[in-house]
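Here is the structure we will look at, set down as structure tokens.
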Amino acid sequence: MTSADVGLRELKKQETRQLISDKATLLFIEKGFEETTIAEIAAAARVAKKTVTNYFARKEDLALDQHEEFTNGLANAVRDRKAGESALAALRRTFLDAVAEHSPVIGFTGTAFAKMVLESPTLTARLRELHELREEALAVLLATETGATADDVTPIMAAAELNAIDRVLFREVLRRSHAGESDNEIAEALTKATQRAFELLEPAFGDYAIRV
């Protein structure tokens, strides 16, 4: 098999995965997440049920299909921080950029999607789990970046506080989307809220994990 064949095969897999996710999201919005079955999703995407479960191990991941990017987002932002930039500053810059871009990774998903998530106990529980995984990934990265010892709780505490900002603001985006506010209205409010939230943590973490 040539590299071109491999490339085409991977492209086809990505297209199939995206098709399944798109069809599932439409059904979730129309019928509700809890009420939609895997069989219905497979039928809508014209694939076998096994194909759906091969691509998505959990039903929740059909709706929250950017979960890997989300889970690693905070850690990646800190890992890529600029020289002289603290972890706090890097996360503030990254989050404000995401607000300006109306990024779905921080909750800009529209009224219908926000309604689907907020009205589904399963999806809200999965979101809490993803936020916890996001926090754990950040704590591990901070410990590595700062050379913290195993009994040093600083990376864990810093990750918890920094992730709390993201968790609160993500929920705020969903709440405002569910209320019918436009992306521009949400972005305006979130910019102010983001600046205030990070300002509150500045005294504690403003000089923590600065890249030399």
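Just remember, in the structure tokens the first chain shown is A, the second B, etc., residues are 1-based per chain, and ligands are 1-based in the order shown.
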Contacts of segment 104-120 of chain A at 6 Å or less, counting only C-alpha atoms, minus same-chain residues fewer than 5 places along, as a PyMOL selection string? chain A and resi 29+170+173-174+177-178+180
Could you give me, as a tab-separated table, every segment 70-116 of chain A residue with an atom at most 10 Å from segment 129-132 of chain A, plus its closest atom pair and distance in Å to one decimal, counting only C-alpha atoms, rows ordered by chain then number?
residue	atom	partner	partner_atom	distance
A:Phe70	CA	A:Leu130	CA	7.6
A:Thr71	CA	A:Leu130	CA	6.0
A:Asn72	CA	A:Leu130	CA	9.7
Nearest candidate to Glu101 of chain A (options A:Glu181, A:Glu161, A:Glu202, A:Glu188; using only C-alpha atoms):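 Of the candidates, the smallest distance to Glu101 of chain A is held by A:Glu188.
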Considering only C-alpha atoms, can you say which of A:Ala125, A:Ala48, A:Ile38, A:Leu162 comes closest to Thr16 of chain A?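 Nearest candidate to Thr16 of chain A out of A:Ala125, A:Ala48, A:Ile38, A:Leu162: A:Ala48.
Comparing the minimum interatomic distances between Thr25 of chain A and each of A:Ala63, A:Ala160, A:Ala98, A:Ala143, counting only C-alpha atoms, we find that A:Ala63 sits nearest.
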Ile20 of chain A surroundings by only C-alpha atoms, 10 Å radius, close-in-sequence under 4 positions cut, as a list in words: Gln14, Glu15, Thr16, Ala24, Thr25, Ile41, Ala42, Ala43, Ala44, Ala45, Arg46, Val47, Thr51, Val52, Tyr55, Phe56 and Leu62 of chain A
Calculate how many Å separate atom CA of Gln18 of chain A from atom CA of Glu35 of chain A, rounding to one decimal. 21.2 Å
Counting only C-alpha atoms, the residue of A:Val78, A:Leu27, A:Ala187, A:Leu11 that sits nearest Thr146 of chain A: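 Closest residue, counting only C-alpha atoms: A:Val78.
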Contacts of Leu74 of chain A at 8 Å (only C-alpha atoms; same-chain gap of 6+ positions) as a list in words: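 The contact residues come out as Leu91, Arg134, Glu135, Ala137, Leu138 and Asn163 of chain A.
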Keeping only all heavy atoms, take the residues you just selected and write them out as an mmCIF file, in the first residue's frame.
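And here is the file that came out, selection-v3.cif:
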data_model
loop_
_atom_site.group_PDB
_atom_site.id
_atom_site.type_symbol
_atom_site.label_atom_id
_atom_site.label_comp_id
_atom_site.auth_asym_id
_atom_site.auth_seq_id
_atom_site.Cartn_x
_atom_site.Cartn_y
_atom_site.Cartn_z
ATOM 1 N N LEU A 91 -2.754 31.366 29.931
ATOM 2 C CA LEU A 91 -4.140 30.906 29.895
ATOM 3 C C LEU A 91 -5.096 32.070 29.659
ATOM 4 O O LEU A 91 -6.098 31.929 28.952
ATOM 5 C CB LEU A 91 -4.490 30.179 31.187
ATOM 6 C CG LEU A 91 -3.795 28.820 31.359
ATOM 7 C CD1 LEU A 91 -4.083 28.242 32.735
ATOM 8 C CD2 LEU A 91 -4.249 27.846 30.266
ATOM 9 N N ARG A 134 -9.247 17.701 32.389
ATOM 10 C CA ARG A 134 -8.544 18.913 31.953
ATOM 11 C C ARG A 134 -7.672 19.454 33.080
ATOM 12 O O ARG A 134 -6.523 19.831 32.873
ATOM 13 C CB ARG A 134 -9.616 19.929 31.551
ATOM 14 C CG ARG A 134 -9.183 21.170 30.802
ATOM 15 C CD ARG A 134 -10.457 21.788 30.260
ATOM 16 N NE ARG A 134 -10.343 23.157 29.818
ATOM 17 C CZ ARG A 134 -9.983 23.538 28.597
ATOM 18 N NH1 ARG A 134 -9.652 22.622 27.704
ATOM 19 N NH2 ARG A 134 -9.954 24.814 28.256
ATOM 20 N N GLU A 135 -8.238 19.445 34.280
ATOM 21 C CA GLU A 135 -7.498 19.905 35.458
ATOM 22 C C GLU A 135 -6.319 18.983 35.771
ATOM 23 O O GLU A 135 -5.215 19.449 36.086
ATOM 24 C CB GLU A 135 -8.442 19.973 36.653
ATOM 25 C CG GLU A 135 -7.822 20.467 37.938
ATOM 26 C CD GLU A 135 -8.839 20.522 39.059
ATOM 27 O OE1 GLU A 135 -9.970 21.004 38.835
ATOM 28 O OE2 GLU A 135 -8.508 20.073 40.183
ATOM 29 N N ALA A 137 -4.667 17.060 33.689
ATOM 30 C CA ALA A 137 -3.635 17.223 32.663
ATOM 31 C C ALA A 137 -2.815 18.483 32.920
ATOM 32 O O ALA A 137 -1.586 18.494 32.751
ATOM 33 C CB ALA A 137 -4.281 17.289 31.275
ATOM 34 N N LEU A 138 -3.480 19.547 33.343
ATOM 35 C CA LEU A 138 -2.773 20.792 33.646
ATOM 36 C C LEU A 138 -1.868 20.619 34.857
ATOM 37 O O LEU A 138 -0.732 21.102 34.867
ATOM 38 C CB LEU A 138 -3.774 21.919 33.890
ATOM 39 C CG LEU A 138 -3.178 23.281 34.265
ATOM 40 C CD1 LEU A 138 -2.223 23.771 33.184
ATOM 41 C CD2 LEU A 138 -4.286 24.300 34.522
ATOM 42 N N ASN A 163 -8.292 26.031 36.409
ATOM 43 C CA ASN A 163 -9.363 25.309 35.728
ATOM 44 C C ASN A 163 -10.733 25.807 36.172
ATOM 45 O O ASN A 163 -11.696 25.755 35.404
ATOM 46 C CB ASN A 163 -9.248 23.804 36.000
ATOM 47 C CG ASN A 163 -10.263 22.998 35.209
ATOM 48 O OD1 ASN A 163 -10.308 23.057 33.986
ATOM 49 N ND2 ASN A 163 -11.095 22.251 35.909
#
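By chain and then residue number, the residues within 9 Å of Arg81 of chain A are Ala87, Ala89, Ala90, Leu91, Ile210 and Arg211 of chain A, counting only C-alpha atoms and disregarding those fewer than 6 positions away in sequence.
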Choose the residue, out of A:Glu40, A:Ala77, A:Asn184, A:Asp61, that has the smallest atom-to-atom separation from Phe95 of chain A; count only C-alpha atoms.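 Under the stated criterion, the closest residue is A:Ala77.
For the pair atom CA of Glu145 of chain A and atom CA of Thr194 of chain A, the interatomic distance is 24.6 Å.
Comparing A:Val153, A:Leu133, A:Ile165, A:Ile186 by their smallest distance to Leu201 of chain A, the closest is A:Ile165 (using only C-alpha atoms).
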